[in-house]
Amino acid sequence: MKRSLMVIALVLFAACSGDNGTEPKDPGGGGGGGGGGVVTHEDSLRVETLQAFATQLEQWSGESPDSIAAHAVAYLKDLPSVINAGITPGTTTVWANFTGNFDLVVPNNRNASSQTDTLVDAQSVPTPPRAQSMPRSSGTRGRSTVRRAVVPESARNIPESVRFRALNAIGGCHLNPVPAIRALLANGHYDDALPGAPTVAGLLNSVHGDGVFYINSHGGPGFDALANPYYAVWTLDRVEKATLANYKALVDSHELVGMVEFSNDAMGNCTCVMHYGFTSTFVRRHMSFTKNSLVIVDACSSASDPAGDMRAAFGAVGASAYLGWTKSVEAPFAYAAMKYLIDRLLGINVISPESPPQRAFNIDQVLNDMQAHRNLRVDPAHNSVLTVFHLKDDFGLLSPSIQFLSIDDDGQQPRLIIAGLFGEDPGEGKRSVTINGQELDNVEWFPTEINCDIPESGSNASGTVVVKVGSGSDDRESNPVNITEWDGELTYNRDDPGSLAAEMTIKIRILADIHPFREEPGEAPFETTVLFPPRGDTSVHMTTSGTYEENLGSCKDTYTFGEGGDIGTPFGTGNGKDGSWIFFGSVDTQSHTLQLNIAVLGVFKAGTYVRTQVGEEHCDTFNLPQWVSMFIDDCLYDDLAQSPAFRMQMGDDFTVPGDERGPCDADDPLIGEVNDNHAQGKIKWGEMIPVFLPDTDAAR
């Protein structure tokens with residue numbers, strides 16, 4: 001798989017115990033960015049006290065989290081430097097306030113996890129069947145659907161920036177989701193910020209302008225000395241005398257707190273160690289994100305009530321959406337959830353791939369799918385719920401997504417209408433709509449609909465449509481959707497009295513998007529009835545031939561046909577001028593049936609009407625042009641059609657086989673009732689082979 005990534009602002013804390021990352025080469029180091037200060041003797045003693053506490057915490061490792069929390073609180077309250085200590089309600093997280101303005105959080109979730117997982121799941125998963133017996137209702141823009149198209153009213157935008165940052169702060173004792181996250185985002189044309197290790201210094205100096213920010217870490221909610229709730233996120237910097245010299249000012253301003261959790265020690269062993277954790281104040285002062293960015297904090301309790309100020313801080317510095325867990329979460333479960341979520345926001349279908357593949361959906365829809373169909377939203381071990389908070393702007397998904405296509409044709413300039421999720425218009429040069437790789441013009445862009453010009457005819461009047469947000473190597477592509485085309489010719493023949501005959505050659509062109517599509521993720525794509533309009537590059541040509549003679553006393557009437565006429569497009573344009581006509585219809589993608597509604601009225605000069613004298617009595621002779629009116633006879637249409645229409649059974653590949661109807665008695669001979677001779681009408685058509693059938697491998 002190609003590994004080139006991008007960023008949204010995605011800060012997701014996947015599990016208190018979920019990470020596989022590596023320690024920095026200097027795990028205690030990392031200089032300051034303005035975080036230094038004077039380290040007092042009291043500070044040095046506190047470091048020694050906390051290191052002893054971490055060692056003691058390790059001794060209780062075989063007990064339950066509740067028991068460990070009780071031991072830890074009792075231990076901390078006995079320390080003379082501790083002002084207060086307790087357990088955060090609803091959790092087993094321990095917190096403490098020390099003299100000297102130092103706070104401590106102990107998340108108390110130390111379940112280790114292995115690294116034995118791969119990016120791609122073992123096999124594809126078919127989507128559940130969908131009932132087809134629901135009543136239909138008229139849709140819009142060329143669709144008659146099982147239910148009206150689902151159009152989200154929010155969460156419709158794509159990150160403005162393609163840069164992403166994926167961080168693993170826990171260490172090597174837990175499953176590391178970052179390689180999978182990076183691979184998925186690179187596959188979706190996001191650019192990797194290639195950050196260093198998530199030390200304090202690394203976070204302090206670089207987190208600006210990301211579109212997606214993801215961090216896998218320990219997290220814990222505590223209370224400061226004024227009893228205000230706060231939330232802290234673990235970094236890779238250990239609390240030591242040397243690092244305290246670098247970060248003393250950040251500690252004094254409550255941007256950093258101490259955290260004790262299960263991770264690697266200096267020798268790489270998995271044990272209880274003490275690191276710095278950043279708070280909401282750190283986020284407000286040292287981070288910023290671009291419009292419609294996503295932040296994922298993949299850590300325990302990152303979506304809990306005490307983490308409210310952390311979420312608010314990310315919103316204050318530009319993050320549009322924030323995703324986290326309401327309680328403790330196991331690392332393997334969080335890893336599976338994160339892979340699935342990001343895959344479905346991108347619509348790339350490499351994680352638990354569905355058959356057929358699935359297009360991108362917005363974050364609210366994907367979370368519903370994860371809960372309803374995949375059991376990936378609520379961790380069964382702790383009942384922790386993966387939760388999104390919409391903070392500002394309108395982040396929704398990571399790639400544009402086409403639901404269906406239709407065409408409006410006024411005979412002058414056809415317009416392609418694309419329904420789906422595309423976000424706000426990023427402006428010319430930063431987006432495009434292509435068909436067969438050729439860019440289309442006069443684009444009108446809205447979050448759920450795009451309109452643009454499409455050629456009336458030629459090689460790019462049908463084919464594969466793709467929507468892109470961005471430009472160059474940073475463009476994020478939608479799922480490709482095909483406009484299918486049928487070219488056909490119907491021939492209407494009339495056998496009038498004598499050798500008189502007339503014919504209409506009717507050229508039609510049908511274009512329609514007939515691919516089945518999902519309205520919600522996790523559903524099977526449904527098939528429906530697709531409407532198609534008339535086209536501005538079609539026409540009718542009429543010809544006549546033959547003669548008919550009739551004696552009336554001393555007069556002989558002779559009708560001679562041999563002329564014809566043309567009708568232009570159904571919009572009254574083109575070379576024709578001898579009548580009017582229209583066609584339209586639908587393709588039922590369930591039954592593979594084409595219904596063609598067609599009405600033609602040709603009024604043209606067919607030949608001459610001559611009267612000569614053939615007997616002895618007087619006869620008024622004349623030589624006049626013969627005008628006729630020609631239309632398709634009612635007897636040729638389907639009896640059950642509500643309007644004049646032909647229903648044609650299509651093949652499995654939507655090919656229309658050649659066929660004919662008639663002959664049958666025409667309503668009126670072209671020269672009127674003559675000796676009770678009735679005209680006969682017949683219509684036939686040749687095989688119509690479609691091009692650009694729906695791509696069975698494309699997401700939908």
# chains A, B, ... in the order shown; residues from 1 in each chain; ligands from 1
>>> residues_around(residues="A:Asn349", least_positions_apart="4", cutoff="12 Å", atoms="only C-alpha atoms", output="PyMOL selection string")
chain A and resi 119-121+123-125+184+187-188+339-345+353-361+479+521+697-700
>>> write_last_selection(atoms="N, CA and C atoms", output="mmCIF file, in the first residue's frame")
data_model
loop_
_atom_site.group_PDB
_atom_site.id
_atom_site.type_symbol
_atom_site.label_atom_id
_atom_site.label_comp_id
_atom_site.auth_asym_id
_atom_site.auth_seq_id
_atom_site.Cartn_x
_atom_site.Cartn_y
_atom_site.Cartn_z
ATOM 1 N N LEU A 119 -2.774 -4.170 9.294
ATOM 2 C CA LEU A 119 -3.606 -3.072 8.806
ATOM 3 C C LEU A 119 -4.889 -3.594 8.176
ATOM 4 N N VAL A 120 -4.773 -4.585 7.325
ATOM 5 C CA VAL A 120 -5.929 -5.049 6.566
ATOM 6 C C VAL A 120 -6.553 -6.242 7.268
ATOM 7 N N ASP A 121 -7.849 -6.210 7.430
ATOM 8 C CA ASP A 121 -8.539 -7.328 8.054
ATOM 9 C C ASP A 121 -8.527 -8.534 7.122
ATOM 10 N N GLN A 123 -10.753 -10.683 5.868
ATOM 11 C CA GLN A 123 -11.677 -10.963 4.783
ATOM 12 C C GLN A 123 -12.730 -9.870 4.696
ATOM 13 N N SER A 124 -13.333 -9.809 3.519
ATOM 14 C CA SER A 124 -14.385 -8.821 3.326
ATOM 15 C C SER A 124 -15.644 -9.255 4.059
ATOM 16 N N VAL A 125 -16.457 -8.271 4.374
ATOM 17 C CA VAL A 125 -17.691 -8.531 5.122
ATOM 18 C C VAL A 125 -18.868 -8.039 4.288
ATOM 19 N N LEU A 184 -3.517 4.587 6.412
ATOM 20 C CA LEU A 184 -4.860 4.918 5.930
ATOM 21 C C LEU A 184 -4.933 6.344 5.416
ATOM 22 N N ASN A 187 -3.116 6.777 2.187
ATOM 23 C CA ASN A 187 -3.925 6.213 1.111
ATOM 24 C C ASN A 187 -4.997 7.200 0.655
ATOM 25 N N GLY A 188 -5.502 7.996 1.605
ATOM 26 C CA GLY A 188 -6.514 8.998 1.289
ATOM 27 C C GLY A 188 -5.959 10.339 0.856
ATOM 28 N N LYS A 339 -9.219 2.227 13.345
ATOM 29 C CA LYS A 339 -8.981 1.825 11.959
ATOM 30 C C LYS A 339 -10.271 1.894 11.141
ATOM 31 N N TYR A 340 -11.315 1.349 11.693
ATOM 32 C CA TYR A 340 -12.585 1.317 10.967
ATOM 33 C C TYR A 340 -13.111 2.732 10.729
ATOM 34 N N LEU A 341 -13.082 3.556 11.776
ATOM 35 C CA LEU A 341 -13.596 4.920 11.669
ATOM 36 C C LEU A 341 -12.890 5.699 10.570
ATOM 37 N N ILE A 342 -11.577 5.713 10.589
ATOM 38 C CA ILE A 342 -10.833 6.514 9.629
ATOM 39 C C ILE A 342 -10.992 5.961 8.221
ATOM 40 N N ASP A 343 -11.014 4.641 8.099
ATOM 41 C CA ASP A 343 -11.248 4.038 6.789
ATOM 42 C C ASP A 343 -12.580 4.485 6.204
ATOM 43 N N ARG A 344 -13.640 4.493 7.026
ATOM 44 C CA ARG A 344 -14.959 4.847 6.507
ATOM 45 C C ARG A 344 -15.104 6.348 6.285
ATOM 46 N N LEU A 345 -14.365 7.176 7.043
ATOM 47 C CA LEU A 345 -14.377 8.621 6.769
ATOM 48 C C LEU A 345 -13.670 8.932 5.458
ATOM 49 N N PRO A 353 -13.336 -4.691 4.678
ATOM 50 C CA PRO A 353 -13.929 -4.230 3.421
ATOM 51 C C PRO A 353 -15.296 -4.850 3.174
ATOM 52 N N GLU A 354 -16.200 -4.027 2.722
ATOM 53 C CA GLU A 354 -17.558 -4.485 2.445
ATOM 54 C C GLU A 354 -17.704 -4.843 0.978
ATOM 55 N N SER A 355 -18.641 -5.687 0.693
ATOM 56 C CA SER A 355 -18.913 -6.084 -0.675
ATOM 57 C C SER A 355 -20.357 -5.727 -1.019
ATOM 58 N N PRO A 356 -20.554 -4.774 -1.923
ATOM 59 C CA PRO A 356 -19.548 -4.000 -2.650
ATOM 60 C C PRO A 356 -18.889 -2.956 -1.756
ATOM 61 N N PRO A 357 -17.805 -2.343 -2.226
ATOM 62 C CA PRO A 357 -17.115 -1.327 -1.421
ATOM 63 C C PRO A 357 -18.038 -0.166 -1.059
ATOM 64 N N GLN A 358 -17.662 0.545 -0.009
ATOM 65 C CA GLN A 358 -18.504 1.633 0.518
ATOM 66 C C GLN A 358 -17.806 2.975 0.350
ATOM 67 N N ARG A 359 -18.559 3.974 -0.056
ATOM 68 C CA ARG A 359 -18.030 5.333 -0.200
ATOM 69 C C ARG A 359 -17.863 5.982 1.168
ATOM 70 N N ALA A 360 -17.289 7.171 1.192
ATOM 71 C CA ALA A 360 -17.105 7.898 2.444
ATOM 72 C C ALA A 360 -18.446 8.421 2.965
ATOM 73 N N PHE A 361 -18.617 8.347 4.284
ATOM 74 C CA PHE A 361 -19.771 8.943 4.953
ATOM 75 C C PHE A 361 -19.266 9.854 6.065
ATOM 76 N N ASN A 479 -15.391 8.743 -4.607
ATOM 77 C CA ASN A 479 -15.642 7.494 -5.312
ATOM 78 C C ASN A 479 -16.007 7.811 -6.758
ATOM 79 N N PRO A 521 -24.240 4.298 5.781
ATOM 80 C CA PRO A 521 -23.196 3.263 5.827
ATOM 81 C C PRO A 521 -23.699 1.997 6.497
ATOM 82 N N ASP A 697 -16.480 -2.544 -9.000
ATOM 83 C CA ASP A 697 -15.433 -2.435 -7.991
ATOM 84 C C ASP A 697 -15.386 -1.060 -7.336
ATOM 85 N N ALA A 698 -16.209 -0.128 -7.807
ATOM 86 C CA ALA A 698 -16.190 1.224 -7.253
ATOM 87 C C ALA A 698 -17.015 1.282 -5.974
ATOM 88 N N ALA A 699 -16.583 2.145 -5.062
ATOM 89 C CA ALA A 699 -17.333 2.333 -3.815
ATOM 90 C C ALA A 699 -18.657 3.002 -4.110
ATOM 91 N N ARG A 700 -19.649 2.714 -3.253
ATOM 92 C CA ARG A 700 -20.972 3.266 -3.500
ATOM 93 C C ARG A 700 -21.720 3.439 -2.190
#
>>> residues_around(residues="A:Ile158", least_positions_apart="4", cutoff="10 Å", atoms="only C-alpha atoms", output="mmCIF file with N, CA and C atoms, in the first residue's frame")
data_model
loop_
_atom_site.group_PDB
_atom_site.id
_atom_site.type_symbol
_atom_site.label_atom_id
_atom_site.label_comp_id
_atom_site.auth_asym_id
_atom_site.auth_seq_id
_atom_site.Cartn_x
_atom_site.Cartn_y
_atom_site.Cartn_z
ATOM 1 N N ILE A 8 -5.742 16.018 9.301
ATOM 2 C CA ILE A 8 -6.955 16.791 9.533
ATOM 3 C C ILE A 8 -6.832 17.314 10.897
ATOM 4 N N VAL A 162 -4.471 19.378 4.378
ATOM 5 C CA VAL A 162 -4.267 17.950 4.155
ATOM 6 C C VAL A 162 -3.160 17.389 5.048
ATOM 7 N N GLY A 211 -4.623 19.497 9.782
ATOM 8 C CA GLY A 211 -6.011 19.231 9.450
ATOM 9 C C GLY A 211 -6.553 18.056 10.231
ATOM 10 N N LYS A 291 -9.251 25.223 9.568
ATOM 11 C CA LYS A 291 -10.699 25.125 9.492
ATOM 12 C C LYS A 291 -11.132 23.695 9.180
ATOM 13 N N ASN A 292 -12.210 23.275 9.821
ATOM 14 C CA ASN A 292 -12.802 21.945 9.618
ATOM 15 C C ASN A 292 -11.816 20.820 9.945
ATOM 16 N N SER A 293 -10.992 21.045 10.951
ATOM 17 C CA SER A 293 -10.013 20.043 11.349
ATOM 18 C C SER A 293 -10.629 19.048 12.338
ATOM 19 N N LEU A 294 -9.981 17.898 12.421
ATOM 20 C CA LEU A 294 -10.441 16.827 13.301
ATOM 21 C C LEU A 294 -9.349 16.501 14.310
ATOM 22 N N LEU A 345 -14.365 7.176 7.043
ATOM 23 C CA LEU A 345 -14.377 8.621 6.769
ATOM 24 C C LEU A 345 -13.670 8.932 5.458
ATOM 25 N N ASN A 362 -20.174 10.688 6.588
ATOM 26 C CA ASN A 362 -19.711 11.629 7.608
ATOM 27 C C ASN A 362 -19.583 10.938 8.969
ATOM 28 N N ASP A 394 -17.653 22.880 10.566
ATOM 29 C CA ASP A 394 -18.594 21.800 10.243
ATOM 30 C C ASP A 394 -17.865 20.568 9.712
ATOM 31 N N PHE A 395 -16.805 20.117 10.423
ATOM 32 C CA PHE A 395 -16.122 18.903 9.962
ATOM 33 C C PHE A 395 -17.109 17.745 9.856
ATOM 34 N N GLY A 396 -16.941 16.965 8.774
ATOM 35 C CA GLY A 396 -17.801 15.807 8.606
ATOM 36 C C GLY A 396 -17.078 14.551 8.164
ATOM 37 N N LEU A 397 -16.203 14.669 7.149
ATOM 38 C CA LEU A 397 -15.576 13.489 6.578
ATOM 39 C C LEU A 397 -14.229 13.864 5.981
ATOM 40 N N LEU A 398 -13.495 12.860 5.516
ATOM 41 C CA LEU A 398 -12.127 13.080 5.063
ATOM 42 C C LEU A 398 -11.976 13.073 3.551
ATOM 43 N N SER A 399 -12.981 12.667 2.825
ATOM 44 C CA SER A 399 -12.937 12.646 1.361
ATOM 45 C C SER A 399 -14.308 13.033 0.825
ATOM 46 N N PRO A 400 -14.374 13.676 -0.361
ATOM 47 C CA PRO A 400 -15.688 13.926 -0.964
ATOM 48 C C PRO A 400 -16.355 12.608 -1.330
ATOM 49 N N LEU A 421 -21.723 14.434 -0.547
ATOM 50 C CA LEU A 421 -21.121 15.262 0.497
ATOM 51 C C LEU A 421 -19.784 15.782 -0.013
ATOM 52 N N PHE A 422 -19.667 17.112 -0.091
ATOM 53 C CA PHE A 422 -18.491 17.724 -0.702
ATOM 54 C C PHE A 422 -17.893 18.864 0.119
ATOM 55 N N GLY A 423 -18.599 19.328 1.123
ATOM 56 C CA GLY A 423 -18.110 20.438 1.917
ATOM 57 C C GLY A 423 -18.318 21.774 1.221
ATOM 58 N N GLU A 424 -17.917 22.838 1.898
ATOM 59 C CA GLU A 424 -18.026 24.172 1.334
ATOM 60 C C GLU A 424 -17.095 24.313 0.136
ATOM 61 N N PRO A 426 -14.181 25.200 -1.827
ATOM 62 C CA PRO A 426 -12.843 25.688 -1.495
ATOM 63 C C PRO A 426 -12.314 26.719 -2.476
ATOM 64 N N PRO A 447 -22.421 22.254 -0.338
ATOM 65 C CA PRO A 447 -21.999 21.130 0.506
ATOM 66 C C PRO A 447 -22.573 19.776 0.105
ATOM 67 N N VAL A 469 -11.243 17.447 -4.051
ATOM 68 C CA VAL A 469 -11.018 18.610 -3.198
ATOM 69 C C VAL A 469 -9.517 18.726 -3.007
ATOM 70 N N ARG A 476 -8.010 15.163 -2.712
ATOM 71 C CA ARG A 476 -8.725 14.052 -2.101
ATOM 72 C C ARG A 476 -9.896 13.700 -3.001
#
>>> residues_around(residues="A:Gly572", least_positions_apart="5", cutoff="10 Å", atoms="only C-alpha atoms", output="list of chain:residue names")
A:Gly411, A:Gly536, A:Ser539, A:Ile567, A:Lys577, A:Gly579, A:Ser580, A:Trp581, A:Ile582
>>> write_last_selection(atoms="N, CA and C atoms", output="mmCIF file, in the first residue's frame")
data_model
loop_
_atom_site.group_PDB
_atom_site.id
_atom_site.type_symbol
_atom_site.label_atom_id
_atom_site.label_comp_id
_atom_site.auth_asym_id
_atom_site.auth_seq_id
_atom_site.Cartn_x
_atom_site.Cartn_y
_atom_site.Cartn_z
ATOM 1 N N GLY A 411 -31.370 21.592 -24.070
ATOM 2 C CA GLY A 411 -31.145 21.704 -25.500
ATOM 3 C C GLY A 411 -30.042 22.675 -25.861
ATOM 4 N N GLY A 536 -30.408 16.904 -26.346
ATOM 5 C CA GLY A 536 -30.393 17.935 -27.378
ATOM 6 C C GLY A 536 -29.636 17.553 -28.624
ATOM 7 N N SER A 539 -32.937 13.451 -33.032
ATOM 8 C CA SER A 539 -33.719 13.988 -34.151
ATOM 9 C C SER A 539 -34.643 12.925 -34.719
ATOM 10 N N ILE A 567 -37.466 16.611 -38.131
ATOM 11 C CA ILE A 567 -37.760 17.274 -36.865
ATOM 12 C C ILE A 567 -36.455 17.321 -36.079
ATOM 13 N N LYS A 577 -37.699 21.215 -38.896
ATOM 14 C CA LYS A 577 -38.721 22.248 -38.767
ATOM 15 C C LYS A 577 -40.116 21.721 -39.073
ATOM 16 N N GLY A 579 -42.301 19.665 -37.516
ATOM 17 C CA GLY A 579 -43.103 19.035 -36.481
ATOM 18 C C GLY A 579 -42.464 19.217 -35.121
ATOM 19 N N SER A 580 -42.890 18.375 -34.192
ATOM 20 C CA SER A 580 -42.342 18.422 -32.840
ATOM 21 C C SER A 580 -42.349 17.014 -32.270
ATOM 22 N N TRP A 581 -41.486 16.799 -31.280
ATOM 23 C CA TRP A 581 -41.455 15.490 -30.661
ATOM 24 C C TRP A 581 -40.782 15.600 -29.297
ATOM 25 N N ILE A 582 -40.929 14.533 -28.523
ATOM 26 C CA ILE A 582 -40.342 14.478 -27.187
ATOM 27 C C ILE A 582 -40.113 13.018 -26.829
#
>>> residues_around(residues="A:Gly429", least_positions_apart="2", cutoff="9 Å", atoms="only C-alpha atoms", output="count of residues only")
6
>>> atom_distance(atom1="atom CA of A:Glu519", atom2="atom CA of A:Gln365")
9.9 Å
>>> closest_residue(among="A:Arg182, A:Lys556, A:Arg647, A:Arg415", to="A:Phe622", atoms="only C-alpha atoms")
A:Lys556
>>> atom_distance(atom1="atom CA of A:Gly86", atom2="atom CA of A:Tyr322")
27.8 Å
>>> residues_around(residues="A:Gly463", least_positions_apart="3", cutoff="12 Å", atoms="only C-alpha atoms", output="list of chain:residue names")
A:Leu405, A:Thr434, A:Ile435, A:Asn436, A:Gly437, A:Gln438, A:Ile454, A:Pro455, A:Ser457, A:Gly458, A:Ser459, A:Asn460, A:Val466, A:Pro480, A:Val481, A:Asn482, A:Ile483, A:Thr484, A:Glu485, A:Trp486, A:Leu511, A:Ala512, A:Asp513, A:Pro690, A:Val691, A:Phe692, A:Leu693, A:Pro694, A:Asp695
>>> select_by_dssp(residues="stretch 426-627 of chain A", states="strand (DSSP E)", output="VMD selection string")
chain A and resid 431 to 435 438 to 439 444 to 446 449 to 453 463 to 469 476 to 477 481 to 495 501 to 512 529 to 532 539 to 545 547 to 552 555 to 561 565 to 567 579 to 588 593 to 613 622 to 627
>>> closest_residue(among="A:Val317, A:Val467, A:Leu500, A:Leu416", to="A:Ser401", atoms="only C-alpha atoms")
A:Val467
